[in-house]
$ cat my_file.txt   # compact mmCIF, C-alpha atoms
# COMPACT_ATOMS: atom_id res chain seq x y z
CA LYS A 8 17.50 2.97 -2.90
CA GLN A 9 14.26 4.53 -4.09
CA GLU A 10 12.92 7.32 -1.90
CA VAL A 11 9.41 8.71 -2.30
CA THR A 12 8.38 12.06 -0.87
CA GLN A 13 4.95 13.61 -0.68
CA ILE A 14 4.61 17.29 0.09
CA PRO A 15 2.69 18.76 1.80
CA ALA A 16 2.00 16.28 4.58
CA ALA A 17 -1.38 17.90 5.14
CA LEU A 18 -3.64 20.14 3.11
CA SER A 19 -6.92 21.86 3.95
CA VAL A 20 -9.08 23.43 1.26
CA PRO A 21 -12.66 24.71 0.96
CA GLU A 22 -15.15 22.65 -0.96
CA GLY A 23 -15.15 23.22 -4.71
CA GLU A 24 -11.47 24.00 -5.08
CA ASN A 25 -9.26 22.27 -7.58
CA LEU A 26 -6.10 20.95 -5.98
CA VAL A 27 -2.84 19.20 -6.76
CA LEU A 28 -1.02 16.64 -4.64
CA ASN A 29 2.64 16.01 -5.30
CA CYS A 30 4.79 12.90 -5.28
CA SER A 31 8.51 12.92 -6.02
CA PHE A 32 10.89 9.99 -6.35
CA THR A 33 14.65 9.69 -6.58
CA ASP A 34 15.13 6.81 -9.04
CA SER A 35 13.58 7.55 -12.42
CA ALA A 36 13.91 3.93 -13.62
CA ILE A 37 10.41 3.04 -12.51
CA TYR A 38 8.06 0.36 -13.72
CA ASN A 39 4.85 2.09 -12.68
CA LEU A 40 3.38 4.56 -10.20
CA GLN A 41 0.15 4.10 -8.33
CA TRP A 42 -2.01 6.53 -6.36
CA PHE A 43 -4.04 5.28 -3.42
CA ARG A 44 -6.59 6.69 -1.03
CA GLN A 45 -6.71 5.68 2.62
CA ASP A 46 -9.56 6.54 4.97
CA PRO A 47 -8.93 6.50 8.74
CA GLY A 48 -8.73 2.97 10.11
CA LYS A 49 -9.13 1.48 6.67
CA GLY A 50 -7.01 -0.17 4.03
CA LEU A 51 -5.83 1.47 0.83
CA THR A 52 -7.99 1.90 -2.24
CA SER A 53 -6.27 2.08 -5.61
CA LEU A 54 -7.20 5.23 -7.53
CA LEU A 55 -4.96 5.36 -10.58
CA LEU A 56 -2.10 3.31 -12.00
CA ILE A 57 0.32 4.89 -14.46
CA GLN A 58 2.69 2.66 -16.37
CA SER A 59 6.18 3.98 -17.05
CA SER A 60 5.34 4.47 -20.74
CA GLN A 61 2.31 6.63 -19.94
CA ARG A 62 2.14 10.33 -19.15
CA GLU A 63 -1.21 10.47 -17.41
CA GLN A 64 -4.32 8.61 -16.34
CA THR A 65 -7.79 9.94 -15.63
CA SER A 66 -10.70 8.65 -13.60
CA GLY A 67 -13.68 10.92 -13.07
CA ARG A 68 -12.51 14.04 -11.24
CA LEU A 69 -9.03 12.62 -10.76
CA ASN A 70 -6.09 13.03 -13.09
CA ALA A 71 -2.61 11.73 -12.40
CA SER A 72 0.44 12.73 -14.39
CA LEU A 73 3.89 11.22 -14.52
CA ASP A 74 7.19 12.84 -15.47
CA LYS A 75 9.89 10.24 -15.07
CA SER A 76 12.75 12.48 -16.11
CA SER A 77 12.04 14.91 -13.29
CA GLY A 78 11.00 12.20 -10.84
CA ARG A 79 7.56 13.66 -10.24
CA SER A 80 3.93 12.73 -10.29
CA THR A 81 0.92 14.88 -9.51
CA LEU A 82 -2.63 13.95 -8.58
CA TYR A 83 -5.13 16.58 -9.65
CA ILE A 84 -8.53 16.60 -7.96
CA ALA A 85 -11.16 18.76 -9.61
CA ALA A 86 -14.03 20.39 -7.77
CA SER A 87 -13.11 18.90 -4.39
CA GLN A 88 -15.85 17.57 -2.10
CA PRO A 89 -15.89 16.81 1.64
CA GLY A 90 -16.02 13.11 0.70
CA ASP A 91 -12.56 13.49 -0.82
CA SER A 92 -11.13 13.99 2.65
CA ALA A 93 -8.62 11.18 3.20
CA THR A 94 -4.92 10.44 3.05
CA TYR A 95 -3.53 10.07 -0.45
CA LEU A 96 -0.45 7.91 -0.99
CA CYS A 97 1.68 7.33 -4.01
CA ALA A 98 3.66 4.14 -4.58
CA VAL A 99 6.54 3.76 -7.00
CA ARG A 100 7.62 0.39 -8.29
CA THR A 101 11.14 -0.13 -9.66
CA ASN A 102 11.64 -3.87 -9.31
CA ALA A 103 9.12 -6.61 -9.94
CA GLY A 104 7.11 -7.30 -6.82
CA LYS A 105 8.31 -4.39 -4.68
CA SER A 106 6.92 -0.89 -4.27
CA THR A 107 8.11 2.11 -2.28
CA PHE A 108 5.34 4.16 -0.71
CA GLY A 109 5.33 7.81 0.26
CA ASP A 110 4.08 8.88 3.69
CA GLY A 111 1.00 10.43 2.15
CA THR A 112 -0.79 13.76 2.08
CA THR A 113 -3.76 14.12 4.40
CA LEU A 114 -6.44 16.13 2.66
CA THR A 115 -9.30 17.87 4.43
CA VAL A 116 -12.03 19.42 2.32
CA LYS A 117 -14.18 21.81 4.35
CA PRO A 118 -17.87 22.22 3.51
CA ASP B 5 -15.52 -4.70 -2.22
CA ALA B 6 -12.85 -7.20 -3.18
CA GLY B 7 -12.94 -10.44 -1.24
CA ILE B 8 -9.96 -9.98 1.03
CA THR B 9 -10.15 -10.56 4.77
CA GLN B 10 -7.52 -10.13 7.43
CA SER B 11 -7.70 -11.81 10.80
CA PRO B 12 -7.52 -10.94 13.55
CA ARG B 13 -8.30 -7.24 13.17
CA HIS B 14 -6.75 -6.39 16.52
CA LYS B 15 -4.32 -8.28 18.70
CA VAL B 16 -2.33 -7.57 21.83
CA THR B 17 0.46 -9.99 22.59
CA GLU B 18 3.45 -10.25 24.88
CA THR B 19 7.07 -9.92 23.88
CA GLY B 20 8.58 -13.24 22.90
CA THR B 21 5.36 -14.97 21.90
CA PRO B 22 4.69 -16.24 18.37
CA VAL B 23 1.94 -14.52 16.39
CA THR B 24 0.31 -15.48 13.11
CA LEU B 25 -1.74 -13.12 11.00
CA ARG B 26 -3.95 -14.45 8.25
CA CYS B 27 -4.90 -12.98 4.91
CA HIS B 28 -7.69 -14.74 3.07
CA GLN B 29 -8.88 -13.90 -0.44
CA THR B 30 -11.76 -15.13 -2.55
CA GLU B 31 -10.57 -13.49 -5.78
CA ASN B 32 -8.18 -16.26 -6.88
CA HIS B 33 -5.47 -13.62 -7.38
CA ARG B 34 -1.96 -14.86 -7.90
CA TYR B 35 -0.02 -12.16 -6.08
CA MET B 36 -0.28 -11.48 -2.36
CA TYR B 37 1.67 -9.03 -0.22
CA TRP B 38 2.21 -8.23 3.45
CA TYR B 39 3.00 -4.64 4.46
CA ARG B 40 3.43 -2.84 7.73
CA GLN B 41 2.45 0.80 8.18
CA ASP B 42 4.15 3.00 10.74
CA PRO B 43 4.07 6.77 11.27
CA GLY B 44 6.97 8.38 9.45
CA HIS B 45 7.78 5.25 7.47
CA GLY B 46 4.78 4.83 5.22
CA LEU B 47 4.02 1.32 4.07
CA ARG B 48 6.94 -1.08 3.89
CA LEU B 49 6.88 -4.46 2.21
CA ILE B 50 7.57 -7.42 4.49
CA HIS B 51 7.08 -10.41 2.20
CA TYR B 52 5.20 -11.21 -0.94
CA SER B 53 4.01 -14.26 -2.83
CA TYR B 54 3.74 -14.86 -6.55
CA GLY B 55 2.05 -18.25 -6.28
CA VAL B 56 1.42 -21.21 -4.03
CA LYS B 57 4.62 -21.94 -2.10
CA ASP B 58 6.41 -19.15 -3.98
CA THR B 59 7.43 -16.31 -1.70
CA ASP B 60 10.13 -13.69 -1.49
CA LYS B 61 11.44 -11.17 0.99
CA GLY B 62 10.60 -7.51 1.03
CA GLU B 63 12.28 -4.49 2.53
CA VAL B 64 11.72 -5.36 6.22
CA SER B 65 11.57 -9.14 6.40
CA ASP B 66 13.78 -9.73 9.45
CA GLY B 67 11.78 -11.35 12.25
CA TYR B 68 8.95 -12.39 9.93
CA SER B 69 8.17 -15.52 7.96
CA VAL B 70 5.34 -16.33 5.58
CA SER B 71 3.62 -19.33 4.10
CA ARG B 72 1.23 -19.84 1.24
CA SER B 73 0.00 -23.41 0.97
CA LYS B 74 -3.20 -22.44 -0.85
CA THR B 75 -3.99 -19.72 -3.36
CA GLU B 76 -6.46 -18.10 -1.00
CA ASP B 77 -4.39 -17.90 2.19
CA PHE B 78 -1.19 -15.99 2.96
CA LEU B 79 0.04 -16.26 6.54
CA LEU B 80 2.46 -13.90 8.24
CA THR B 81 4.24 -15.22 11.33
CA LEU B 82 6.21 -13.33 13.91
CA GLU B 83 8.33 -16.09 15.42
CA SER B 84 9.06 -14.16 18.63
CA ALA B 85 7.25 -10.84 18.78
CA THR B 86 9.16 -7.72 19.79
CA SER B 87 7.92 -4.25 20.68
CA SER B 88 9.36 -2.92 17.40
CA GLN B 89 6.83 -5.08 15.58
CA THR B 90 3.94 -3.10 17.03
CA SER B 91 2.32 -1.78 13.88
CA VAL B 92 -0.63 -1.96 11.54
CA TYR B 93 -0.27 -4.81 9.08
CA PHE B 94 -1.91 -4.79 5.66
CA CYS B 95 -2.37 -7.56 3.18
CA ALA B 96 -2.76 -6.78 -0.52
CA ILE B 97 -3.67 -8.91 -3.52
CA SER B 98 -3.44 -8.58 -7.28
CA SER B 99 -4.03 -10.61 -10.40
CA LEU B 100 -1.37 -8.61 -12.21
CA GLU B 101 2.31 -8.54 -11.57
CA ASN B 102 3.68 -5.21 -10.43
CA THR B 103 0.60 -3.77 -8.88
CA GLU B 104 -1.35 -4.04 -5.63
CA ALA B 105 -4.97 -3.98 -6.65
CA PHE B 106 -6.80 -4.47 -3.35
CA PHE B 107 -5.88 -4.03 0.28
CA GLY B 108 -7.36 -5.63 3.35
CA GLN B 109 -8.68 -3.60 6.27
CA GLY B 110 -5.54 -4.06 8.31
CA THR B 111 -4.56 -5.77 11.56
CA ARG B 112 -3.49 -3.61 14.46
CA LEU B 113 -0.87 -5.53 16.45
CA THR B 114 0.43 -4.34 19.79
CA VAL B 115 3.37 -6.10 21.41
CA VAL B 116 3.72 -5.31 25.12
$ encode --input "my_file.txt" --output "structure tokens"
Amino acid sequence: KQEVTQIPAALSVPEGENLVLNCSFTDSAIYNLQWFRQDPGKGLTSLLLIQSSQREQTSGRLNASLDKSSGRSTLYIAASQPGDSATYLCAVRTNAGKSTFGDGTTLTVKP
Amino acid sequence: DAGITQSPRHKVTETGTPVTLRCHQTENHRYMYWYRQDPGHGLRLIHYSYGVKDTDKGEVSDGYSVSRSKTEDFLLTLESATSSQTSVYFCAISSLENTEAFFGQGTRLTVV
């Protein structure tokens, strides 16, 4: 059974810092990995989708990498802003139609 | 924002009563999903649909049933609600297999 772990559970940084969020998974036979953002009381917003054949994806200040062999993905946020404060979740898909989500990392960016 | 609406947004119901949650989309996406989100468990897939009248079970399907008679609507039914089904329920849609592109705002269900 796929298990997805996100460490740390919470992270607080000053504005302007570059930061890395981690996602690890136990079964390396994945189809894709997706990073989401969730604001309090809201649904999830897809940030980046990395297919199993890809090593990384970039969108603006966000960069996600994937290392299947080690079972790890990282989400890099450059020049963090208070508006980046949210919970970030990764989801790993191994079988068609079913994803396993991590519990998320709650990020607070202080002005 | 993607056209995906969940209703109701909040509901309190008594143990043993049936409850139906609705997910409505205006995007004409083929794939629809129901998840529940609980502290310490993340999001867990309940059921999903890959077309009209085509559905399959997810990780935590016991006690839940679904129906999709139209492309735009995916209904989640708790036949006899239990306190363990108190949770926040999210619907997701996608035009592509193997990805959840858009999530609804969630339905907070409390079973007392």
$ atom_distance --input "my_file.txt" --atom1 "atom CA of Tyr93 of chain B" --atom2 "atom CA of Leu25 of chain B"
8.7 Å
$ residues_around --input "my_file.txt" --residues "segment 53-60 of chain B" --least-positions-apart "5" --cutoff "12 Å" --atoms "all atoms listed in the file" --output "MDAnalysis selection string"
(chainID A and resid 103:105) or (chainID B and resid 27 32:38 65 68:80 95:104)
$ interface_residues --input "my_file.txt" --of "chain B" --to "chain A" --cutoff "6 Å" --atoms "only C-alpha atoms" --output "VMD selection string"
chain B and resid 46 to 47 102 107 to 110
$ closest_residue --input "my_file.txt" --among "B:Ser11, B:His51, B:Ser84, B:Thr114" --to "Val23 of chain B" --atoms "only C-alpha atoms"
B:Ser84
$ atom_distance --input "my_file.txt" --atom1 "atom CA of Ile8 of chain B" --atom2 "atom CA of His28 of chain B"
5.7 Å
$ atom_distance --input "my_file.txt" --atom1 "atom CA of Gly20 of chain B" --atom2 "atom CA of Glu63 of chain B"
22.5 Å
$ closest_residue --input "my_file.txt" --among "B:Gln29, B:Tyr52, B:Thr24, B:Arg112" --to "Val64 of chain B" --atoms "only C-alpha atoms"
B:Tyr52
$ closest_residue --input "my_file.txt" --among "B:Ser91, B:Glu83, B:Asp66, B:Arg26" --to "Thr9 of chain B" --atoms "all atoms listed in the file"
B:Arg26
$ residues_around --input "my_file.txt" --residues "Leu18 of chain A" --least-positions-apart "2" --cutoff "12 Å" --atoms "all atoms listed in the file" --output "PyMOL selection string"
chain A and resi 13-16+20-21+24+26-29+91-95+111-117
$ residues_around --input "my_file.txt" --residues "Asp34 of chain A" --least-positions-apart "6" --cutoff "8 Å" --atoms "all atoms listed in the file" --output "VMD selection string"
chain A and resid 8 to 10 78
$ residues_around --input "my_file.txt" --residues "Leu113 of chain B" --least-positions-apart "4" --cutoff "6 Å" --atoms "only C-alpha atoms" --output "list in words"
His14, Lys15, Val16, Thr90 and Ser91 of chain B
$ closest_residue --input "my_file.txt" --among "A:Gln64, A:Thr12, A:Gln45, A:Asn25" --to "Ala86 of chain A" --atoms "all atoms listed in the file"
A:Asn25
$ closest_residue --input "my_file.txt" --among "A:Thr65, A:Ser60, A:Cys97, A:Cys30" --to "Thr81 of chain A" --atoms "only C-alpha atoms"
A:Cys30
$ closest_residue --input "my_file.txt" --among "A:Ser87, A:Ser31, A:Ser77, A:Asn70" --to "Leu55 of chain A" --atoms "all atoms listed in the file"
A:Asn70
$ residues_around --input "my_file.txt" --residues "Ser76 of chain A" --least-positions-apart "4" --cutoff "12 Å" --atoms "all atoms listed in the file" --output "PyMOL selection string"
chain A and resi 31-37+59-60+62+80
